[in-house]
file run.cif (mmCIF, C-alpha atoms)
data_work
#
loop_
_atom_site.label_atom_id
_atom_site.label_comp_id
_atom_site.auth_asym_id
_atom_site.auth_seq_id
_atom_site.Cartn_x
_atom_site.Cartn_y
_atom_site.Cartn_z
CA MET A 1 -9.57 -2.08 22.50
CA LYS A 2 -9.26 0.17 19.42
CA VAL A 3 -6.45 -0.76 17.03
CA ASN A 4 -5.88 1.64 14.10
CA GLY A 5 -9.46 2.85 14.52
CA LYS A 6 -11.05 -0.62 14.57
CA ASP A 7 -12.61 -2.32 17.61
CA ILE A 8 -10.72 -5.50 18.50
CA PRO A 9 -11.72 -7.79 21.41
CA LEU A 10 -8.73 -7.99 23.72
CA GLY A 11 -9.47 -11.41 25.25
CA GLU A 12 -7.06 -12.50 27.95
CA LYS A 13 -4.69 -10.11 29.68
CA GLN A 14 -1.61 -9.61 27.54
CA SER A 15 1.37 -7.35 27.02
CA LEU A 16 1.80 -5.12 23.98
CA LEU A 17 4.59 -7.44 22.81
CA ASP A 18 2.30 -10.52 23.10
CA PHE A 19 -0.41 -8.74 21.12
CA LEU A 20 1.97 -7.63 18.36
CA GLN A 21 3.54 -11.07 18.05
CA SER A 22 0.25 -12.98 18.04
CA ASN A 23 -1.00 -10.62 15.29
CA ASN A 24 2.11 -11.25 13.17
CA TYR A 25 3.60 -7.77 13.36
CA ASP A 26 7.32 -7.61 12.55
CA ILE A 27 8.65 -5.67 15.54
CA ARG A 28 11.63 -4.39 13.54
CA VAL A 29 9.53 -2.38 11.07
CA ILE A 30 6.81 -0.82 13.22
CA ALA A 31 6.14 2.23 15.39
CA VAL A 32 3.45 2.07 18.09
CA GLU A 33 1.46 4.79 19.80
CA LEU A 34 -0.68 3.89 22.81
CA ASN A 35 -3.32 6.45 23.87
CA GLY A 36 -1.43 9.18 22.06
CA LYS A 37 1.99 8.32 23.49
CA VAL A 38 4.82 6.68 21.55
CA ILE A 39 6.01 3.46 23.16
CA PRO A 40 9.75 2.72 22.91
CA LYS A 41 10.45 -0.79 21.65
CA SER A 42 12.21 -1.70 24.88
CA GLU A 43 8.92 -1.20 26.75
CA TYR A 44 6.66 -3.35 24.55
CA LYS A 45 7.04 -6.32 26.90
CA ASP A 46 6.19 -4.27 30.01
CA VAL A 47 3.03 -2.53 28.75
CA LEU A 48 -0.17 -4.36 29.72
CA LEU A 49 -3.09 -3.71 27.36
CA LYS A 50 -6.53 -2.67 28.62
CA ASP A 51 -9.99 -2.68 26.98
CA GLU A 52 -10.15 1.12 26.88
CA ASP A 53 -6.76 1.46 25.14
CA LYS A 54 -6.35 3.11 21.75
CA LEU A 55 -3.47 1.63 19.81
CA GLU A 56 -1.97 2.99 16.58
CA ILE A 57 0.44 0.65 14.82
CA VAL A 58 2.39 1.88 11.80
CA SER A 59 4.13 -0.76 9.70
CA PHE A 60 6.78 0.20 7.16
CA VAL A 61 7.52 -1.52 3.85
CA GLY A 62 10.80 -0.99 1.99
CA GLY A 63 11.49 1.30 -0.94
CA GLY A 64 12.61 4.85 -1.45
CA MET B 1 -0.70 52.90 -3.45
CA ARG B 2 1.52 50.56 -1.41
CA LEU B 3 2.88 47.74 -3.58
CA THR B 4 5.71 45.22 -3.62
CA VAL B 5 7.43 45.45 -7.01
CA ASN B 6 10.28 43.05 -7.78
CA GLY B 7 10.71 42.30 -4.09
CA ARG B 8 10.82 45.92 -2.91
CA GLN B 9 8.00 47.71 -1.11
CA GLY B 10 7.11 51.20 -2.16
CA ASP B 11 4.35 53.73 -2.97
CA PHE B 12 3.30 53.86 -6.61
CA ASP B 13 0.92 56.07 -8.57
CA CYS B 14 -0.01 53.26 -10.96
CA GLN B 15 -3.56 51.84 -11.03
CA THR B 16 -2.95 48.72 -13.15
CA ALA B 17 -0.32 46.00 -13.44
CA PHE B 18 0.68 47.02 -16.97
CA GLN B 19 1.33 50.58 -15.79
CA ILE B 20 3.87 49.12 -13.36
CA ARG B 21 5.38 47.09 -16.19
CA ASP B 22 5.76 50.17 -18.37
CA LEU B 23 7.25 52.07 -15.42
CA VAL B 24 9.98 49.56 -14.51
CA GLY B 25 10.41 47.59 -17.74
CA ASP B 26 9.01 47.41 -21.24
CA LYS B 27 5.95 45.91 -22.91
CA ASN B 28 7.57 42.56 -23.73
CA ASP B 29 8.31 41.76 -20.07
CA LEU B 30 6.45 39.03 -18.14
CA VAL B 31 4.02 40.38 -15.56
CA ILE B 32 3.25 38.28 -12.50
CA LEU B 33 0.55 39.56 -10.14
CA ASN B 34 0.10 37.87 -6.75
CA GLY B 35 1.57 34.59 -8.01
CA TYR B 36 -0.21 34.49 -11.38
CA GLN B 37 1.26 35.40 -14.77
CA ILE B 38 -1.24 37.74 -16.43
CA GLU B 39 -1.73 38.21 -20.18
CA GLU B 40 -4.25 41.06 -19.90
CA ASP B 41 -4.05 44.19 -17.79
CA TYR B 42 -5.44 43.96 -14.28
CA PRO B 43 -6.38 46.63 -11.72
CA LEU B 44 -4.11 46.85 -8.68
CA ALA B 45 -5.13 46.85 -5.01
CA GLU B 46 -3.28 47.91 -1.87
CA ASN B 47 -0.41 45.48 -0.90
CA ASP B 48 -0.42 43.64 -4.24
CA VAL B 49 2.79 41.88 -5.21
CA VAL B 50 3.94 42.57 -8.78
CA THR B 51 6.99 41.06 -10.43
CA ILE B 52 8.19 42.26 -13.82
CA ILE B 53 10.62 39.88 -15.51
CA PRO B 54 12.53 40.87 -18.66
CA LYS B 55 13.01 37.86 -20.97
CA GLY B 56 16.52 36.59 -21.54
CA VAL B 57 18.22 39.03 -19.16
CA LEU B 58 20.13 37.79 -16.14
CA PRO B 59 18.87 39.85 -13.20
CA GLN B 60 20.90 41.20 -10.29
CA LYS B 61 21.15 38.79 -7.39
CA GLU B 62 18.83 40.78 -5.09
CA GLU B 63 16.12 40.87 -7.77
CA LEU B 64 16.60 37.24 -8.75
CA GLU B 65 15.11 35.81 -5.57
CA SER B 66 11.85 37.76 -5.82
CA MET B 67 11.60 36.89 -9.51
CA MET B 68 12.14 33.18 -8.78
CA MET B 69 9.39 33.19 -6.18
CA ALA B 70 6.97 35.33 -8.21
CA ARG B 71 4.71 32.37 -9.04
CA HIS B 72 4.21 31.53 -5.34
CA THR B 73 1.01 32.51 -3.61
CA PRO B 74 1.84 35.92 -2.02
CA TYR B 75 3.52 36.00 1.40
CA VAL B 76 4.29 32.28 1.31
CA HIS B 77 7.92 32.93 0.50
CA GLU B 78 8.66 34.76 3.78
CA LYS B 79 7.43 31.77 5.80
CA LEU B 80 9.28 29.19 3.71
CA LYS B 81 12.51 31.15 3.90
CA LYS B 82 12.45 30.68 7.69
CA GLY B 83 11.88 26.91 7.34
CA LYS B 84 14.50 24.40 8.45
CA VAL B 85 13.99 20.93 7.02
CA ALA B 86 16.20 17.85 7.32
CA ILE B 87 16.17 15.07 4.73
CA ALA B 88 17.35 11.66 5.92
CA GLY B 89 18.30 9.52 2.93
CA LEU B 90 19.01 10.98 -0.51
CA GLY B 91 17.71 8.24 -2.80
CA GLY B 92 14.59 8.33 -4.95
CA LEU B 93 12.53 10.07 -2.29
CA GLY B 94 15.10 12.29 -0.61
CA SER B 95 16.85 13.64 -3.72
CA ASN B 96 13.53 14.60 -5.30
CA ILE B 97 12.16 16.08 -2.06
CA ALA B 98 15.33 18.19 -1.70
CA VAL B 99 15.00 19.55 -5.23
CA MET B 100 11.33 20.44 -4.68
CA LEU B 101 11.99 22.13 -1.34
CA ALA B 102 14.84 24.09 -2.95
CA ARG B 103 12.55 25.21 -5.78
CA ILE B 104 9.94 26.53 -3.36
CA GLY B 105 12.61 28.35 -1.36
CA VAL B 106 12.77 26.55 1.99
CA GLY B 107 15.52 28.55 3.68
CA GLN B 108 17.64 25.84 5.26
CA LEU B 109 18.06 22.21 4.24
CA LEU B 110 20.08 19.47 5.91
CA LEU B 111 21.01 16.61 3.56
CA VAL B 112 22.13 13.34 5.17
CA ASP B 113 23.26 10.19 3.36
CA PHE B 114 26.27 7.88 3.59
CA ASP B 115 26.25 6.63 0.00
CA ILE B 116 27.68 7.56 -3.40
CA VAL B 117 25.80 7.93 -6.69
CA GLU B 118 25.77 4.75 -8.78
CA PRO B 119 24.20 3.79 -12.13
CA SER B 120 21.20 1.95 -10.59
CA ASN B 121 20.15 5.21 -8.92
CA LEU B 122 19.51 7.04 -12.18
CA ASN B 123 16.15 5.34 -12.91
CA ARG B 124 14.46 7.41 -10.18
CA GLN B 125 16.86 9.63 -8.28
CA SER B 126 17.75 13.24 -9.04
CA TYR B 127 21.33 12.69 -10.23
CA TYR B 128 23.16 12.78 -13.57
CA LEU B 129 25.88 10.65 -15.16
CA SER B 130 28.35 13.35 -14.17
CA HIS B 131 27.61 12.58 -10.50
CA LEU B 132 28.56 8.86 -10.63
CA GLY B 133 30.91 8.02 -7.79
CA MET B 134 30.27 11.29 -5.95
CA PRO B 135 28.73 11.35 -2.44
CA LYS B 136 24.99 11.99 -2.83
CA THR B 137 25.18 14.86 -0.34
CA ILE B 138 27.68 16.73 -2.53
CA ALA B 139 25.96 15.89 -5.85
CA LEU B 140 22.66 17.19 -4.50
CA LYS B 141 24.18 20.32 -2.98
CA GLN B 142 25.68 21.14 -6.39
CA GLN B 143 22.28 20.77 -8.08
CA ILE B 144 20.55 22.94 -5.49
CA ALA B 145 23.15 25.68 -6.00
CA GLN B 146 22.14 25.67 -9.70
CA ILE B 147 18.40 25.69 -8.94
CA ASN B 148 18.16 28.15 -6.07
CA PRO B 149 21.36 29.79 -4.81
CA PHE B 150 19.48 31.38 -1.88
CA ILE B 151 19.10 28.11 0.06
CA ARG B 152 21.46 27.36 2.93
CA VAL B 153 22.43 23.72 2.46
CA GLU B 154 24.17 21.71 5.18
CA THR B 155 25.42 18.22 4.36
CA VAL B 156 26.47 15.30 6.55
CA THR B 157 27.87 12.25 4.78
CA THR B 158 27.22 9.57 7.36
CA LYS B 159 24.94 6.67 8.17
CA VAL B 160 22.02 7.62 10.42
CA THR B 161 21.84 5.48 13.55
CA GLU B 162 19.78 5.50 16.73
CA ASP B 163 22.74 7.13 18.46
CA ASN B 164 23.36 10.06 16.13
CA VAL B 165 19.71 11.04 15.42
CA PRO B 166 19.40 13.64 18.24
CA GLU B 167 22.72 15.29 17.37
CA LEU B 168 22.00 15.35 13.62
CA PHE B 169 18.44 16.58 13.61
CA SER B 170 17.75 18.67 16.70
CA GLY B 171 16.98 22.29 15.79
CA TYR B 172 15.10 21.39 12.59
CA ASP B 173 11.33 21.96 12.21
CA ILE B 174 10.63 18.87 10.15
CA ILE B 175 12.47 15.68 9.21
CA CYS B 176 11.72 13.82 5.98
CA GLU B 177 12.25 10.10 6.35
CA ALA B 178 13.48 9.02 2.92
CA PHE B 179 15.30 5.74 3.54
CA ASP B 180 15.04 2.62 1.42
CA LYS B 181 14.91 -0.17 4.00
CA ALA B 182 11.86 -0.74 6.21
CA LYS B 183 13.97 -1.35 9.33
CA GLU B 184 15.82 1.94 8.86
CA LYS B 185 12.54 3.79 8.35
CA ALA B 186 11.14 2.39 11.59
CA MET B 187 14.39 3.12 13.44
CA LEU B 188 14.38 6.78 12.43
CA VAL B 189 10.66 7.29 13.10
CA ASN B 190 10.83 5.62 16.54
CA THR B 191 13.95 7.51 17.55
CA VAL B 192 12.62 10.91 16.45
CA LEU B 193 9.23 10.38 18.14
CA GLU B 194 10.94 9.28 21.36
CA LYS B 195 13.91 11.62 21.54
CA LEU B 196 12.94 14.74 19.56
CA PRO B 197 9.35 15.35 20.70
CA GLY B 198 8.99 18.83 19.16
CA ILE B 199 9.86 17.77 15.62
CA LYS B 200 7.43 16.56 13.01
CA ILE B 201 8.45 13.66 10.78
CA VAL B 202 7.11 13.10 7.27
CA ALA B 203 7.81 9.47 6.33
CA ALA B 204 7.11 7.23 3.34
CA SER B 205 5.96 3.65 3.00
CA GLY B 206 4.79 1.87 -0.15
CA MET B 207 5.69 3.37 -3.53
CA ALA B 208 7.31 0.49 -5.45
CA GLY B 209 6.23 -0.88 -8.83
CA TYR B 210 3.61 0.59 -11.14
CA GLU B 211 0.35 0.13 -9.27
CA SER B 212 -2.16 2.98 -9.58
CA SER B 213 -0.84 6.43 -8.76
CA ASN B 214 -4.03 7.07 -6.82
CA LEU B 215 -3.22 4.50 -4.13
CA ILE B 216 -0.54 6.85 -2.82
CA GLN B 217 -1.89 9.10 -0.07
CA THR B 218 -0.74 11.25 2.82
CA ARG B 219 -1.99 10.19 6.26
CA ARG B 220 -1.43 11.61 9.70
CA ALA B 221 -0.65 8.46 11.67
CA MET B 222 0.28 10.16 14.94
CA LYS B 223 0.47 13.73 16.27
CA ASN B 224 4.01 14.21 14.94
CA LEU B 225 4.05 11.51 12.25
CA TYR B 226 2.78 11.77 8.68
CA ILE B 227 3.09 8.85 6.28
CA CYS B 228 2.96 9.10 2.50
CA GLY B 229 2.58 6.10 0.23
CA ASP B 230 0.21 3.20 -0.38
CA LEU B 231 1.44 1.45 2.82
CA GLU B 232 1.55 -1.91 0.99
CA ASN B 233 3.74 -2.05 -2.08
CA GLY B 234 7.25 -2.53 -0.77
CA ALA B 235 10.25 -3.07 -2.98
CA LYS B 236 11.03 -6.81 -3.29
CA VAL B 237 12.30 -9.42 -5.72
CA GLY B 238 10.04 -8.98 -8.77
CA ARG B 239 8.83 -5.50 -7.81
CA GLY B 240 11.27 -2.69 -8.47
CA LEU B 241 11.34 1.02 -7.76
CA MET B 242 10.66 3.42 -10.61
CA ALA B 243 10.64 7.17 -11.07
CA PRO B 244 6.91 7.88 -11.42
CA ARG B 245 5.54 6.40 -8.18
CA VAL B 246 8.66 7.30 -6.21
CA GLN B 247 8.34 10.91 -7.37
CA ILE B 248 4.59 10.96 -6.66
CA CYS B 249 5.38 9.85 -3.12
CA ALA B 250 8.21 12.40 -2.83
CA GLY B 251 5.72 15.04 -4.03
CA HIS B 252 3.32 14.02 -1.26
CA GLN B 253 6.08 14.38 1.30
CA ALA B 254 7.27 17.74 -0.06
CA ASN B 255 3.72 19.14 -0.12
CA MET B 256 3.12 18.00 3.46
CA VAL B 257 6.35 19.76 4.46
CA LEU B 258 5.13 22.88 2.63
CA ARG B 259 1.79 22.74 4.44
CA LEU B 260 3.44 22.28 7.82
CA LEU B 261 5.80 25.21 7.21
CA LEU B 262 2.72 27.33 6.45
CA GLY B 263 1.14 26.24 9.74
CA ILE B 264 -1.34 23.73 8.31
CA GLU B 265 -1.30 20.41 10.18
CA GLU B 266 -4.14 18.65 8.36
CA VAL B 267 -3.06 16.37 5.50
#
call {"tool": "encode", "arguments": {"input": "run.cif", "output": "structure tokens"}}
result
Amino acid sequence: MKVNGKDIPLGEKQSLLDFLQSNNYDIRVIAVELNGKVIPKSEYKDVLLKDEDKLEIVSFVGGG
Amino acid sequence: MRLTVNGRQGDFDCQTAFQIRDLVGDKNDLVILNGYQIEEDYPLAENDVVTIIPKGVLPQKEELESMMMARHTPYVHEKLKKGKVAIAGLGGLGSNIAVMLARIGVGQLLLVDFDIVEPSNLNRQSYYLSHLGMPKTIALKQQIAQINPFIRVETVTTKVTEDNVPELFSGYDIICEAFDKAKEKAMLVNTVLEKLPGIKIVAASGMAGYESSNLIQTRRAMKNLYICGDLENGAKVGRGLMAPRVQICAGHQANMVLRLLLGIEEV
């Protein structure tokens, strides 16, 4: 799987939510695009990741 | 030859820029040719844009706009005047973005913020002591009226939520995300990408402190999402927000908006 342009071995079958949590992403401050399509937060738990997937994860920090 | 002089098209016999100056003004006037203020005479070509500005004289309103935009690259102004840009959050990023977009003549701006101006804002935000206690929307609208009276400014003094995003922002070409809190930034970006698929969003992440200016970049993270900032340096206990990096980041956002309004999607 490609995550933010880098190849990452996917390992066992997992949902997008599992992947984000096991990689320490704070769900409240991110936006996720899977294969060019934005994934609503409510669907993170239902999306199953595949080896050929391209994932873009944007994480926000505070300040403005 | 066909020229645009002080905003009006017409046929002129003149061959050089200074001949135009002598025709419509006098030799002490500023001469701006195709966006550049010239000190020496310059030959004219078909469709050149010449602006002659007398010093210290307040021009008529119809001439003022073309004079204000005389330093733009030619024919940029017409495109920007049609632009409709919304700014969500009027703090260090949003207030400075709004002022820049007003200076370049973006035709319609929507300013959204729920808050009032307070003393801790003045270290980086575009407000004055005279604005303390005033809603930021109103304080900023007043400034814009003094900078560029040709901008149509809409204001909404409210807190942006998932529920009111579609109603607030539909119909705009571009939204600038200019909130302070990371959760609010993510909320706006997610909601716009999901519910307003035709609109581009120019967001910001990472501009606190006084790390190198050069860490701040513009990236295209998704088809409709641009992010400006260093992506790392959030505001936190021990790392404040200060005018220089916040304004650099606001400049990145404003320039990306400018590029998008001119039809350029690359960062």
call {"tool": "resolve_selection", "arguments": {"input": "run.cif", "expression": "the PyMOL selection byres ((chain B) within 6 of (chain A))", "output": "NGL selection string"}}
result
:B and (92-93 or 179-183 or 186 or 190 or 205-206 or 234-235)
call {"tool": "write_last_selection", "arguments": {"input": "run.cif", "atoms": "C-alpha atoms", "output": "PDB file, keeping the file's coordinate frame"}}
result
ATOM      1  CA  GLY B  92      14.590   8.330  -4.950  1.00  0.00           C
ATOM      2  CA  LEU B  93      12.530  10.070  -2.290  1.00  0.00           C
ATOM      3  CA  PHE B 179      15.300   5.740   3.540  1.00  0.00           C
ATOM      4  CA  ASP B 180      15.040   2.620   1.420  1.00  0.00           C
ATOM      5  CA  LYS B 181      14.910  -0.170   4.000  1.00  0.00           C
ATOM      6  CA  ALA B 182      11.860  -0.740   6.210  1.00  0.00           C
ATOM      7  CA  LYS B 183      13.970  -1.350   9.330  1.00  0.00           C
ATOM      8  CA  ALA B 186      11.140   2.390  11.590  1.00  0.00           C
ATOM      9  CA  ASN B 190      10.830   5.620  16.540  1.00  0.00           C
ATOM     10  CA  SER B 205       5.960   3.650   3.000  1.00  0.00           C
ATOM     11  CA  GLY B 206       4.790   1.870  -0.150  1.00  0.00           C
ATOM     12  CA  GLY B 234       7.250  -2.530  -0.770  1.00  0.00           C
ATOM     13  CA  ALA B 235      10.250  -3.070  -2.980  1.00  0.00           C
TER      14      ALA B 235
END
call {"tool": "closest_residue", "arguments": {"input": "run.cif", "among": "B:Pro149, B:Leu231, B:Ala221, B:Glu118", "to": "Gly5 (chain A)", "atoms": "all atoms listed in the file"}}
result
B:Ala221
call {"tool": "residues_around", "arguments": {"input": "run.cif", "residues": "Gly229 (chain B)", "least_positions_apart": "2", "cutoff": "8 Å", "atoms": "only C-alpha atoms", "output": "list in words"}}
result
Ala204, Ser205, Gly206, Met207, Leu215, Ile216, Gln217, Thr218, Ile227, Leu231 and Cys249 of chain B
call {"tool": "residues_around", "arguments": {"input": "run.cif", "residues": "Glu52 (chain A)", "least_positions_apart": "4", "cutoff": "10 Å", "atoms": "all atoms listed in the file", "output": "list in words"}}
result
Met1, Lys2, Leu10 and Asn35 of chain A
call {"tool": "residues_near_point", "arguments": {"input": "run.cif", "point": "(-7.2, -12.8, 25.8)", "cutoff": "12 Å", "atoms": "all atoms listed in the file", "output": "list in words"}}
result
Met1, Ile8, Pro9, Leu10, Gly11, Glu12, Lys13, Gln14, Ser15, Leu16, Asp18, Phe19, Ser22, Leu48, Leu49, Lys50 and Asp51 of chain A
call {"tool": "resolve_selection", "arguments": {"input": "run.cif", "expression": "the PyMOL selection byres ((chain B and resi 43) around 6)", "output": "PDB file with C-alpha atoms, in the frame of the given file"}}
result
ATOM      1  CA  GLN B  15      -3.560  51.840 -11.030  1.00  0.00           C
ATOM      2  CA  THR B  16      -2.950  48.720 -13.150  1.00  0.00           C
ATOM      3  CA  TYR B  42      -5.440  43.960 -14.280  1.00  0.00           C
ATOM      4  CA  LEU B  44      -4.110  46.850  -8.680  1.00  0.00           C
TER       5      LEU B  44
END
call {"tool": "residues_around", "arguments": {"input": "run.cif", "residues": "Met256 (chain B)", "least_positions_apart": "4", "cutoff": "7 Å", "atoms": "only C-alpha atoms", "output": "ChimeraX atom specification"}}
result
/B:252,260,267
call {"tool": "resolve_selection", "arguments": {"input": "run.cif", "expression": "the PyMOL selection byres ((chain B and resi 94) around 8)", "output": "mmCIF file with C-alpha atoms, in the coordinates of the input"}}
result
data_model
loop_
_atom_site.group_PDB
_atom_site.id
_atom_site.type_symbol
_atom_site.label_atom_id
_atom_site.label_comp_id
_atom_site.auth_asym_id
_atom_site.auth_seq_id
_atom_site.Cartn_x
_atom_site.Cartn_y
_atom_site.Cartn_z
ATOM 1 C CA GLY A 64 12.610 4.850 -1.450
ATOM 2 C CA ILE B 87 16.170 15.070 4.730
ATOM 3 C CA ALA B 88 17.350 11.660 5.920
ATOM 4 C CA GLY B 89 18.300 9.520 2.930
ATOM 5 C CA LEU B 90 19.010 10.980 -0.510
ATOM 6 C CA GLY B 91 17.710 8.240 -2.800
ATOM 7 C CA GLY B 92 14.590 8.330 -4.950
ATOM 8 C CA LEU B 93 12.530 10.070 -2.290
ATOM 9 C CA SER B 95 16.850 13.640 -3.720
ATOM 10 C CA ASN B 96 13.530 14.600 -5.300
ATOM 11 C CA ILE B 97 12.160 16.080 -2.060
ATOM 12 C CA ALA B 98 15.330 18.190 -1.700
ATOM 13 C CA CYS B 176 11.720 13.820 5.980
ATOM 14 C CA GLU B 177 12.250 10.100 6.350
ATOM 15 C CA ALA B 178 13.480 9.020 2.920
ATOM 16 C CA PHE B 179 15.300 5.740 3.540
ATOM 17 C CA ALA B 250 8.210 12.400 -2.830
#
call {"tool": "residues_around", "arguments": {"input": "run.cif", "residues": "Lys79 (chain B)", "least_positions_apart": "4", "cutoff": "7 Å", "atoms": "all atoms listed in the file", "output": "PyMOL selection string"}}
result
chain B and resi 83+261-262
call {"tool": "atom_distance", "arguments": {"input": "run.cif", "atom1": "CA of Lys6 (chain A)", "atom2": "CA of Leu55 (chain A)"}}
result
9.5 Å
call {"tool": "atom_distance", "arguments": {"input": "run.cif", "atom1": "CA of Tyr25 (chain A)", "atom2": "CA of Phe169 (chain B)"}}
result
28.5 Å
call {"tool": "atom_distance", "arguments": {"input": "run.cif", "atom1": "CA of Ile174 (chain B)", "atom2": "CA of Val85 (chain B)"}}
result
5.0 Å
call {"tool": "axis_aligned_box", "arguments": {"input": "run.cif", "around": "region 45-52 of chain A", "padding_each_side": "6 Å", "output": "JSON"}}
result
{"center_x": -1.6, "center_y": -2.6, "center_z": 28.4, "size_x": 29.2, "size_y": 19.4, "size_z": 15.1}
call {"tool": "residues_around", "arguments": {"input": "run.cif", "residues": "Thr137 (chain B)", "least_positions_apart": "5", "cutoff": "8 Å", "atoms": "only C-alpha atoms", "output": "PyMOL selection string"}}
result
chain B and resi 90+111-113+155-157
call {"tool": "closest_residue", "arguments": {"input": "run.cif", "among": "B:Ile201, B:Ile116, B:Met242, B:Ile53", "to": "Asn224 (chain B)", "atoms": "only C-alpha atoms"}}
result
B:Ile201
call {"tool": "residues_near_point", "arguments": {"input": "run.cif", "point": "(3.5, 44.5, -1.5)", "cutoff": "10 Å", "atoms": "only C-alpha atoms", "output": "list in words"}}
result
Met1, Arg2, Leu3, Thr4, Val5, Asn6, Gly7, Arg8, Gln9, Gly10, Asp11, Asn34, Ala45, Glu46, Asn47, Asp48, Val49, Val50, Pro74 and Tyr75 of chain B
call {"tool": "build_atoms", "arguments": {"input": "run.cif", "residues": "region 32-48 of chain A", "atoms": "N, CA and C atoms", "output": "CSV table (one decimal), in the frame of the given file"}}
result
chain,number,residue,atom,x,y,z
A,32,VAL,N,4.7,2.3,17.4
A,32,VAL,CA,3.4,2.1,18.1
A,32,VAL,C,3.2,3.3,19.0
A,33,GLU,N,1.9,3.7,18.9
A,33,GLU,CA,1.5,4.8,19.8
A,33,GLU,C,0.3,4.2,20.6
A,34,LEU,N,0.4,4.4,21.9
A,34,LEU,CA,-0.7,3.9,22.8
A,34,LEU,C,-1.3,5.1,23.5
A,35,ASN,N,-2.6,5.3,23.3
A,35,ASN,CA,-3.3,6.4,23.9
A,35,ASN,C,-2.6,7.8,23.6
A,36,GLY,N,-2.1,7.9,22.4
A,36,GLY,CA,-1.4,9.2,22.1
A,36,GLY,C,0.0,9.3,22.5
A,37,LYS,N,0.6,8.3,23.0
A,37,LYS,CA,2.0,8.3,23.5
A,37,LYS,C,2.8,7.2,22.8
A,38,VAL,N,4.0,7.6,22.3
A,38,VAL,CA,4.8,6.7,21.6
A,38,VAL,C,5.4,5.7,22.6
A,39,ILE,N,5.4,4.4,22.3
A,39,ILE,CA,6.0,3.5,23.2
A,39,ILE,C,7.4,3.0,22.6
A,40,PRO,N,8.4,3.2,23.4
A,40,PRO,CA,9.8,2.7,22.9
A,40,PRO,C,9.7,1.2,22.8
A,41,LYS,N,10.5,0.7,21.9
A,41,LYS,CA,10.4,-0.8,21.6
A,41,LYS,C,10.8,-1.6,22.9
A,42,SER,N,11.7,-1.0,23.7
A,42,SER,CA,12.2,-1.7,24.9
A,42,SER,C,11.1,-1.9,25.9
A,43,GLU,N,10.0,-1.1,25.8
A,43,GLU,CA,8.9,-1.2,26.8
A,43,GLU,C,7.7,-2.0,26.3
A,44,TYR,N,7.8,-2.6,25.1
A,44,TYR,CA,6.7,-3.4,24.6
A,44,TYR,C,6.3,-4.5,25.5
A,45,LYS,N,7.3,-5.1,26.1
A,45,LYS,CA,7.0,-6.3,26.9
A,45,LYS,C,6.5,-5.9,28.3
A,46,ASP,N,6.6,-4.7,28.7
A,46,ASP,CA,6.2,-4.3,30.0
A,46,ASP,C,4.8,-3.6,30.0
A,47,VAL,N,4.3,-3.2,28.8
A,47,VAL,CA,3.0,-2.5,28.8
A,47,VAL,C,1.9,-3.5,28.7
A,48,LEU,N,1.0,-3.5,29.7
A,48,LEU,CA,-0.2,-4.4,29.7
A,48,LEU,C,-1.3,-3.7,29.1
